[in-house]
>>> print(open('start_37.pdb').read())   # PDB, C-alpha atoms
MODEL        1
ATOM      1  CA  ALA Y   1       0.000   0.000   0.000
ATOM      2  CA  ARG Y   2       2.808   2.375   0.866
ATOM      3  CA  MET Y   3       4.473   1.588  -2.457
ATOM      4  CA  GLY Y   4       1.243   2.460  -4.293
ATOM      5  CA  LEU Y   5       0.942   5.791  -2.436
ATOM      6  CA  LEU Y   6       4.577   6.581  -3.199
ATOM      7  CA  THR Y   7       4.071   5.871  -6.911
ATOM      8  CA  LYS Y   8       1.205   8.371  -7.076
ATOM      9  CA  LYS Y   9       3.354  11.170  -5.650
ATOM     10  CA  VAL Y  10       6.066  10.982  -8.318
ATOM     11  CA  SER Y  11       5.889  11.382 -12.070
ATOM     12  CA  LEU Y  12       6.536   8.679 -14.627
ATOM     13  CA  MET Y  13       9.736  10.429 -15.747
ATOM     14  CA  GLU Y  14      11.051  10.396 -12.165
ATOM     15  CA  ILE Y  15      10.327   6.671 -11.855
ATOM     16  CA  LEU Y  16      12.027   5.942 -15.194
ATOM     17  CA  GLY Y  17      14.985   8.113 -14.197
ATOM     18  CA  TYR Y  18      15.306   6.253 -10.897
ATOM     19  CA  ARG Y  19      15.150   2.864 -12.622
ATOM     20  CA  ALA Y  20      17.737   3.968 -15.179
ATOM     21  CA  ASP Y  21      20.050   5.283 -12.456
ATOM     22  CA  LEU Y  22      19.702   2.024 -10.534
ATOM     23  CA  TYR Y  23      20.428  -0.025 -13.665
ATOM     24  CA  PHE Y  24      23.491   1.975 -14.720
ATOM     25  CA  SER Y  25      24.950   1.982 -11.199
ATOM     26  CA  SER Y  26      24.462  -1.741 -10.531
ATOM     27  CA  ASP Y  27      25.402  -3.381 -13.849
ATOM     28  CA  PRO Y  28      28.958  -2.833 -15.199
ATOM     29  CA  LEU Y  29      27.797  -3.793 -18.700
ATOM     30  CA  SER Y  30      24.847  -1.401 -18.677
ATOM     31  CA  LYS Y  31      26.536   1.331 -20.722
ATOM     32  CA  PRO Y  32      27.721  -0.916 -23.605
ATOM     33  CA  ILE Y  33      24.331  -2.668 -23.698
ATOM     34  CA  ALA Y  34      22.483   0.664 -23.756
ATOM     35  CA  LEU Y  35      24.744   1.955 -26.539
ATOM     36  CA  LEU Y  36      24.220  -1.228 -28.572
ATOM     37  CA  CYS Y  37      20.443  -1.042 -28.196
ATOM     38  CA  MET Y  38      20.427   2.651 -29.070
ATOM     39  CA  THR Y  39      22.514   1.995 -32.195
ATOM     40  CA  GLN Y  40      20.230  -0.824 -33.312
ATOM     41  CA  VAL Y  41      17.104   1.312 -32.863
ATOM     42  CA  LEU Y  42      18.761   4.168 -34.739
ATOM     43  CA  ILE Y  43      19.711   1.931 -37.670
ATOM     44  CA  LEU Y  44      16.284   0.270 -37.892
ATOM     45  CA  PHE Y  45      14.399   3.555 -37.611
ATOM     46  CA  GLY Y  46      16.765   5.234 -40.071
ATOM     47  CA  GLY Y  47      16.397   2.362 -42.547
ATOM     48  CA  MET Y  48      12.592   2.578 -42.407
ATOM     49  CA  LEU Y  49      12.738   6.358 -42.802
ATOM     50  CA  LEU Y  50      15.006   6.054 -45.833
ATOM     51  CA  TYR Y  51      12.667   3.457 -47.328
ATOM     52  CA  ALA Y  52       9.719   5.836 -46.768
ATOM     53  CA  VAL Y  53      11.316   8.820 -48.538
ATOM     54  CA  SER Y  54      12.903   6.736 -51.335
ATOM     55  CA  PRO Y  55      10.912   3.502 -51.863
ATOM     56  CA  ASP Y  56      13.197   2.296 -54.650
ATOM     57  CA  GLY Y  57      15.120  -0.657 -53.244
ATOM     58  CA  THR Y  58      14.391  -3.105 -50.447
ATOM     59  CA  LEU Y  59      13.959  -2.432 -46.732
ATOM     60  CA  PRO Y  60      17.009  -4.565 -45.753
ATOM     61  CA  GLY Y  61      19.041  -2.582 -48.282
ATOM     62  CA  LYS Y  62      17.895   0.703 -46.731
ATOM     63  CA  ILE Y  63      18.725  -0.569 -43.241
ATOM     64  CA  TRP Y  64      22.232  -1.407 -44.427
ATOM     65  CA  GLN Y  65      22.461   2.063 -46.006
ATOM     66  CA  ALA Y  66      21.416   3.605 -42.686
ATOM     67  CA  TRP Y  67      24.236   1.698 -40.980
ATOM     68  CA  VAL Y  68      26.683   3.096 -43.557
ATOM     69  CA  PHE Y  69      25.496   6.652 -42.807
ATOM     70  CA  VAL Y  70      25.857   6.080 -39.053
ATOM     71  CA  ALA Y  71      29.335   4.570 -39.383
ATOM     72  CA  ASP Y  72      30.745   6.842 -42.130
ATOM     73  CA  SER Y  73      30.276  10.586 -41.721
ATOM     74  CA  ALA Y  74      31.052  11.312 -45.418
ATOM     75  CA  ALA Y  75      28.820   8.673 -47.016
ATOM     76  CA  HIS Y  76      25.809  10.987 -47.438
ATOM     77  CA  ALA Y  77      27.632  13.638 -49.522
ATOM     78  CA  ASP Y  78      26.294  12.621 -52.957
ATOM     79  CA  TYR Y  79      23.142  10.841 -51.924
ATOM     80  CA  GLY Y  80      19.784  11.293 -53.737
ATOM     81  CA  THR Y  81      17.289  14.091 -53.390
ATOM     82  CA  SER Y  82      17.259  16.878 -50.803
ATOM     83  CA  THR Y  83      14.833  14.908 -48.571
ATOM     84  CA  GLU Y  84      17.024  11.825 -48.725
ATOM     85  CA  ARG Y  85      20.080  13.952 -47.968
ATOM     86  CA  LEU Y  86      18.315  15.473 -44.955
ATOM     87  CA  VAL Y  87      17.525  12.024 -43.538
ATOM     88  CA  SER Y  88      21.058  10.793 -44.239
ATOM     89  CA  PHE Y  89      22.477  13.971 -42.643
ATOM     90  CA  VAL Y  90      20.449  13.377 -39.463
ATOM     91  CA  LEU Y  91      21.643   9.759 -39.368
ATOM     92  CA  THR Y  92      25.237  10.929 -39.770
ATOM     93  CA  ILE Y  93      24.880  13.394 -36.860
ATOM     94  CA  CYS Y  94      23.367  10.628 -34.718
ATOM     95  CA  GLY Y  95      26.277   8.383 -35.750
ATOM     96  CA  MET Y  96      28.724  11.023 -34.486
ATOM     97  CA  LEU Y  97      26.876  11.086 -31.149
ATOM     98  CA  VAL Y  98      27.021   7.281 -30.948
ATOM     99  CA  PHE Y  99      30.762   7.376 -31.635
ATOM    100  CA  GLY Y 100      31.164  10.047 -28.944
ATOM    101  CA  PHE Y 101      29.306   7.855 -26.448
ATOM    102  CA  LEU Y 102      31.524   4.911 -27.412
ATOM    103  CA  VAL Y 103      34.676   6.952 -26.821
ATOM    104  CA  GLY Y 104      33.283   8.065 -23.450
ATOM    105  CA  ILE Y 105      32.548   4.478 -22.389
ATOM    106  CA  VAL Y 106      36.043   3.329 -23.379
ATOM    107  CA  THR Y 107      37.602   6.297 -21.566
ATOM    108  CA  ASP Y 108      35.573   5.647 -18.399
ATOM    109  CA  THR Y 109      36.490   1.944 -18.458
ATOM    110  CA  ILE Y 110      40.199   2.698 -18.806
ATOM    111  CA  SER Y 111      40.024   5.359 -16.064
ATOM    112  CA  GLU Y 112      38.253   2.978 -13.676
ATOM    113  CA  LYS Y 113      40.864   0.284 -14.336
ATOM    114  CA  VAL Y 114      43.729   2.732 -13.734
ATOM    115  CA  ASP Y 115      42.067   3.914 -10.507
ATOM    116  CA  GLN Y 116      41.740   0.301  -9.340
ATOM    117  CA  LEU Y 117      45.435  -0.266 -10.014
ATOM    118  CA  LYS Y 118      46.350   2.924  -8.140
ATOM    119  CA  LYS Y 119      44.195   1.950  -5.160
ATOM    120  CA  GLY Y 120      45.669  -1.554  -5.035
ATOM    121  CA  LYS Y 121      42.492  -3.476  -5.759
ATOM    122  CA  SER Y 122      43.994  -5.991  -8.210
ATOM    123  CA  ALA Y 123      45.018  -9.517  -7.177
ATOM    124  CA  VAL Y 124      48.621 -10.457  -6.429
ATOM    125  CA  LEU Y 125      49.949 -13.298  -8.593
ATOM    126  CA  GLU Y 126      52.885 -14.447  -6.477
ATOM    127  CA  SER Y 127      53.940 -17.579  -4.599
ATOM    128  CA  GLY Y 128      56.614 -18.197  -2.010
ATOM    129  CA  HIS Y 129      56.453 -14.553  -0.926
ATOM    130  CA  THR Y 130      56.551 -12.958   2.509
ATOM    131  CA  LEU Y 131      53.237 -11.402   3.478
ATOM    132  CA  ILE Y 132      53.081  -8.493   5.947
ATOM    133  CA  LEU Y 133      49.658  -7.659   7.396
ATOM    134  CA  ASN Y 134      48.842  -4.260   8.962
ATOM    135  CA  TRP Y 135      51.018  -1.149   8.940
ATOM    136  CA  SER Y 136      53.189   0.317  11.676
ATOM    137  CA  ASN Y 137      56.498   2.139  12.079
ATOM    138  CA  LYS Y 138      58.186  -1.286  12.263
ATOM    139  CA  VAL Y 139      57.150  -2.306   8.749
ATOM    140  CA  ILE Y 140      60.057  -0.496   7.056
ATOM    141  CA  PRO Y 141      62.765  -2.155   9.248
ATOM    142  CA  VAL Y 142      61.095  -5.551   8.773
ATOM    143  CA  ILE Y 143      61.082  -5.119   4.988
ATOM    144  CA  ASP Y 144      64.753  -4.075   5.114
ATOM    145  CA  GLU Y 145      65.668  -7.204   7.093
ATOM    146  CA  ILE Y 146      63.754  -9.410   4.657
ATOM    147  CA  CYS Y 147      65.554  -7.759   1.734
ATOM    148  CA  GLN Y 148      68.920  -8.501   3.368
ATOM    149  CA  ALA Y 149      67.905 -12.121   3.967
ATOM    150  CA  ASN Y 150      66.715 -12.520   0.372
ATOM    151  CA  GLU Y 151      69.899 -11.033  -1.090
ATOM    152  CA  SER Y 152      71.775 -14.324  -0.835
ATOM    153  CA  GLU Y 153      68.940 -16.042  -2.748
ATOM    154  CA  GLY Y 154      68.935 -13.498  -5.551
ATOM    155  CA  GLY Y 155      65.960 -11.570  -4.233
ATOM    156  CA  GLY Y 156      62.358 -12.365  -3.437
ATOM    157  CA  THR Y 157      58.938 -10.798  -3.036
ATOM    158  CA  VAL Y 158      57.384  -8.984  -0.103
ATOM    159  CA  VAL Y 159      53.656  -8.219  -0.141
ATOM    160  CA  VAL Y 160      52.132  -5.681   2.237
ATOM    161  CA  LEU Y 161      48.389  -5.553   2.979
ATOM    162  CA  ALA Y 162      47.106  -2.748   5.196
ATOM    163  CA  GLU Y 163      44.160  -0.383   5.597
ATOM    164  CA  ARG Y 164      46.068   2.594   4.227
ATOM    165  CA  ASP Y 165      46.280   4.360   0.897
ATOM    166  CA  LYS Y 166      48.424   2.313  -1.493
ATOM    167  CA  GLU Y 167      50.306   5.289  -2.917
ATOM    168  CA  GLU Y 168      51.159   6.598   0.561
ATOM    169  CA  MET Y 169      52.624   3.230   1.604
ATOM    170  CA  GLU Y 170      54.608   2.913  -1.623
ATOM    171  CA  GLN Y 171      55.958   6.451  -1.241
ATOM    172  CA  GLU Y 172      57.052   5.799   2.344
ATOM    173  CA  ILE Y 173      58.805   2.569   1.347
ATOM    174  CA  LEU Y 174      60.594   4.247  -1.576
ATOM    175  CA  GLU Y 175      61.738   7.164   0.585
ATOM    176  CA  SER Y 176      62.955   4.925   3.420
ATOM    177  CA  LEU Y 177      64.514   2.055   1.449
ATOM    178  CA  THR Y 178      66.725   3.147  -1.418
ATOM    179  CA  ASP Y 179      68.189  -0.337  -2.004
ATOM    180  CA  LEU Y 180      65.821  -3.315  -1.957
ATOM    181  CA  ARG Y 181      68.617  -5.767  -2.914
ATOM    182  CA  SER Y 182      66.696  -7.330  -5.821
ATOM    183  CA  THR Y 183      63.599  -7.886  -3.669
ATOM    184  CA  LYS Y 184      60.269  -6.833  -5.117
ATOM    185  CA  VAL Y 185      57.810  -5.073  -2.779
ATOM    186  CA  VAL Y 186      54.119  -5.230  -3.703
ATOM    187  CA  VAL Y 187      51.613  -3.097  -1.787
ATOM    188  CA  ARG Y 188      47.870  -3.612  -1.608
ATOM    189  CA  SER Y 189      45.182  -1.670   0.228
ATOM    190  CA  GLY Y 190      42.628  -3.735   2.119
ATOM    191  CA  SER Y 191      41.575  -5.247   5.417
ATOM    192  CA  PRO Y 192      43.653  -8.144   6.822
ATOM    193  CA  ILE Y 193      40.591  -9.523   8.611
ATOM    194  CA  LEU Y 194      38.580 -10.001   5.417
ATOM    195  CA  ALA Y 195      38.999 -13.309   3.612
ATOM    196  CA  PHE Y 196      38.454 -11.623   0.240
ATOM    197  CA  ASP Y 197      41.364  -9.215   0.765
ATOM    198  CA  LEU Y 198      43.579 -11.981   2.147
ATOM    199  CA  LYS Y 199      42.956 -14.112  -0.926
ATOM    200  CA  LYS Y 200      43.713 -11.063  -3.064
ATOM    201  CA  VAL Y 201      47.314 -11.056  -1.771
ATOM    202  CA  ALA Y 202      47.731 -14.837  -2.351
ATOM    203  CA  VAL Y 203      47.839 -15.654   1.359
ATOM    204  CA  SER Y 204      47.567 -19.404   0.737
ATOM    205  CA  SER Y 205      50.830 -19.508  -1.264
ATOM    206  CA  ALA Y 206      52.881 -17.222   1.019
ATOM    207  CA  ARG Y 207      55.866 -18.897   2.676
ATOM    208  CA  ALA Y 208      55.718 -16.589   5.715
ATOM    209  CA  ILE Y 209      53.002 -14.342   7.159
ATOM    210  CA  ILE Y 210      53.888 -11.534   9.567
ATOM    211  CA  VAL Y 211      51.084  -9.865  11.535
ATOM    212  CA  MET Y 212      52.160  -6.393  12.682
ATOM    213  CA  SER Y 213      50.736  -4.413  15.587
ATOM    214  CA  GLN Y 214      49.175  -1.073  14.673
ATOM    215  CA  ASP Y 215      50.614   2.159  16.170
ATOM    216  CA  ASN Y 216      47.400   4.170  15.789
ATOM    217  CA  LEU Y 217      45.575   1.918  18.292
ATOM    218  CA  GLU Y 218      45.810   1.469  22.034
ATOM    219  CA  PRO Y 219      47.872  -1.596  23.105
ATOM    220  CA  ASP Y 220      44.769  -3.602  24.031
ATOM    221  CA  GLU Y 221      43.039  -2.689  20.763
ATOM    222  CA  SER Y 222      46.179  -3.490  18.779
ATOM    223  CA  ASP Y 223      46.452  -6.923  20.415
ATOM    224  CA  ALA Y 224      42.771  -7.573  19.757
ATOM    225  CA  MET Y 225      43.203  -6.616  16.102
ATOM    226  CA  ALA Y 226      46.240  -8.907  15.773
ATOM    227  CA  LEU Y 227      44.177 -11.728  17.284
ATOM    228  CA  ARG Y 228      41.338 -11.108  14.831
ATOM    229  CA  VAL Y 229      43.793 -11.194  11.908
ATOM    230  CA  THR Y 230      45.288 -14.455  13.190
ATOM    231  CA  LEU Y 231      41.831 -16.013  13.539
ATOM    232  CA  SER Y 232      40.994 -14.908  10.001
ATOM    233  CA  LEU Y 233      44.178 -16.578   8.761
ATOM    234  CA  THR Y 234      43.564 -19.839  10.599
ATOM    235  CA  SER Y 235      40.040 -20.005   9.193
ATOM    236  CA  LEU Y 236      41.435 -20.202   5.645
ATOM    237  CA  GLU Y 237      42.150 -23.548   4.012
ATOM    238  CA  LYS Y 238      45.501 -24.715   2.578
ATOM    239  CA  LEU Y 239      47.651 -22.160   4.328
ATOM    240  CA  GLU Y 240      51.269 -23.028   3.462
ATOM    241  CA  GLY Y 241      53.259 -20.374   5.357
ATOM    242  CA  HIS Y 242      53.910 -20.035   9.074
ATOM    243  CA  ILE Y 243      52.344 -17.144  10.968
ATOM    244  CA  THR Y 244      54.405 -14.739  13.075
ATOM    245  CA  VAL Y 245      52.698 -12.213  15.352
TER     246      VAL Y 245
ENDMDL
END
>>> encode(input="start_37.pdb", output="structure tokens")
Amino acid sequence: ARMGLLTKKVSLMEILGYRADLYFSSDPLSKPIALLCMTQVLILFGGMLLYAVSPDGTLPGKIWQAWVFVADSAAHADYGTSTERLVSFVLTICGMLVFGFLVGIVTDTISEKVDQLKKGKSAVLESGHTLILNWSNKVIPVIDEICQANESEGGGTVVVLAERDKEEMEQEILESLTDLRSTKVVVRSGSPILAFDLKKVAVSSARAIIVMSQDNLEPDESDAMALRVTLSLTSLEKLEGHITV
């Protein structure tokens, strides 16, 4: 009943706008699908309009001609009568808009992917690495010690997972450690108590897992957080590395 009363208070355009906003925000493929549907409607409608103003030829042939006008901005230059040229001109303008939308979708997709990489949301594809969970002022010395230990083996990989900005952690590591001794340091932003984020840093294939205490918490809270991280680790299956707290 409340839903019916709410529907009466808003206009149809507001409801359609809300549904469209919900669809575009929840489905990552919504923009390409909408562009494809819009292009198909434009080509079909344009083909029927061309067939109406110049009935010579078949409807499928006119639909194909409409597609040519949408795809090629110069195809309408020497086409038929003034009415046919007007229709083809409108189709060409619509084709430019479709191309602009396509460029925008591609640009947005690339920007979102770059932002994900900057924020450290991508998965780590490593094995036999040392995994450091949480961030504190002791992380830099620990990484330095690991780099020294890995030097005799020709280097290794250290992965850091903490609830901090990825770029800030990388900048602090680069400023503090000028020589990593052939060791690669990979930083990811996330929560060490979430199984999803732990799997993202390949926790099951790490040879050693170090749980750090956090400086920004009280001692009791830091110990409780370390315990929660340890419990999250022990709840995972096929954990190869040993855990150090």
>>> closest_residue(input="start_37.pdb", among="Y:Leu59, Y:Ala208, Y:Ala149, Y:Ala66", to="Val90 in chain Y", atoms="only C-alpha atoms")
Y:Ala66
>>> resolve_selection(input="start_37.pdb", expression="the PyMOL selection byres ((chain Y and resi 169) around 12)", output="ChimeraX atom specification")
/Y:118-120,134-137,139-140,159-168,170-177,185-189
>>> atom_distance(input="start_37.pdb", atom1="CA of Asp144 in chain Y", atom2="CA of Lys238 in chain Y")
28.3 Å
>>> atom_distance(input="start_37.pdb", atom1="CA of Asp72 in chain Y", atom2="CA of Phe99 in chain Y")
10.5 Å
>>> axis_aligned_box(input="start_37.pdb", around="range 116-132 of chain Y", padding_each_side="4 Å", output="AutoDock Vina command-line options")
--center_x 49.2 --center_y -7.6 --center_z -2.0 --size_x 22.9 --size_y 29.1 --size_z 24.0
